[in-house]
Amino acid sequence: MDKVIIYTDGACSGNPGPGGWGAILIYNDSKKELSGGNSNTTNNIMEMTAVIEALKILKRPCEVDLYSDSAYVVNAFLQNWVKNWIKNNWKTSDKKDVKNKELWLELIELTKIHKVTFHKVKGHADNDLNNRCDELARNAIP
């Protein structure tokens, strides 16, 4: 199985407001940058969209190390929030509807195709790839 490294980030000018997302995919010696934006969105939606779009571009099942500064995205998998949401019929621990369910469903399907290991990185620190994703995301804000 091919190994791919992905860095993602989302940004919003106001929350909600116009937002952008960025992703960098690294495979062997190749690097690909992706980005996009939405005129009315939230930071969490942009964080999730970055991950989804990066995984969707992969042409075959891959082993992915995914780096994000979004605790929302990373912890949903590392702390089993997703499994609990499914078990509780898409309700949070305080019985509210899970936000962004459609995006979570799409992301879950992608994690069934690809073997994704989520890694939390510190945002706006000294990680060049994370900083570049932040720049891509901010530049994509409409």
# chains A, B, ... in the order shown; residues from 1 in each chain; ligands from 1
>>> select_by_dssp(residues="chain A", states="alpha helix (DSSP H)", output="ChimeraX atom specification")
/A:43-56,71-78,81-87,101-113,128-139
>>> residues_around(residues="Val74 (chain A)", least_positions_apart="5", cutoff="10 Å", atoms="only C-alpha atoms", output="list in words")
Met48, Leu66, Tyr67, Ser68, Asp69, Gln79, Asn80, Trp81, Thr117, Phe118, His119, Lys120 and Val121 of chain A
>>> write_last_selection(atoms="C-alpha atoms", output="compact mmCIF listing (two decimals), in the first residue's frame")
# COMPACT_ATOMS: atom_id res chain seq x y z
CA MET A 48 -12.97 18.99 7.70
CA LEU A 66 -2.57 13.00 8.33
CA TYR A 67 -1.37 16.06 10.23
CA SER A 68 -3.85 18.72 11.33
CA ASP A 69 -3.92 21.46 13.95
CA GLN A 79 -10.77 9.85 21.20
CA ASN A 80 -13.50 7.77 19.52
CA TRP A 81 -16.05 10.60 19.36
CA THR A 117 -3.50 7.79 11.15
CA PHE A 118 -4.40 11.18 12.59
CA HIS A 119 -1.72 13.38 14.16
CA LYS A 120 -2.36 16.63 16.04
CA VAL A 121 0.16 19.39 15.34
>>> residues_around(residues="region 102-109 of chain A", least_positions_apart="3", cutoff="10 Å", atoms="only C-alpha atoms", output="NGL selection string")
:A and (45 or 48-49 or 51-53 or 55-56 or 73 or 76-77 or 82-83 or 86 or 98-99 or 112-114)
>>> residues_around(residues="Ser93 (chain A)", least_positions_apart="5", cutoff="9 Å", atoms="only C-alpha atoms", output="PyMOL selection string")
chain A and resi 84-85+88
>>> write_last_selection(atoms="C-alpha atoms", output="short mmCIF file (atom, residue, chain, number, x, y, z; two decimals), in the first residue's frame")
data_model
loop_
_atom_site.label_atom_id
_atom_site.label_comp_id
_atom_site.auth_asym_id
_atom_site.auth_seq_id
_atom_site.Cartn_x
_atom_site.Cartn_y
_atom_site.Cartn_z
CA ASN A 84 -19.84 7.23 20.12
CA TRP A 85 -21.81 9.54 17.83
CA ASN A 88 -25.79 7.33 20.04
#
>>> select_by_dssp(residues="region 21-69 of chain A", states="strand (DSSP E)", output="list in words")
Trp21, Gly22, Ala23, Ile24, Leu25, Ile26, Tyr27, Ser30, Lys31, Lys32, Glu33, Leu34, Ser35, Gly36, Gly37, Asn38, Ser39, Asn40, Thr41, Cys62, Glu63, Val64, Asp65, Leu66, Tyr67 and Ser68 of chain A
>>> closest_atom_pairs(of="region 25-91 of chain A", to="region 123-137 of chain A", cutoff="9 Å", atoms="only C-alpha atoms", output="CSV")
residue,atom,partner,partner_atom,distance
A:Glu33,CA,A:Leu136,CA,8.2
A:Leu34,CA,A:Leu136,CA,7.8
A:Ser35,CA,A:Leu136,CA,6.1
A:Gly36,CA,A:Ala137,CA,7.2
A:Gly37,CA,A:Ala137,CA,7.6
A:Met46,CA,A:Ala137,CA,8.5
A:Ala50,CA,A:Ala137,CA,8.8
A:Tyr67,CA,A:Asn130,CA,7.9
A:Ser68,CA,A:Asn130,CA,7.5
A:Asp69,CA,A:Gly123,CA,5.0
A:Ser70,CA,A:Gly123,CA,8.1
>>> atom_distance(atom1="CA of Asp2 (chain A)", atom2="CA of Ile57 (chain A)")
13.8 Å
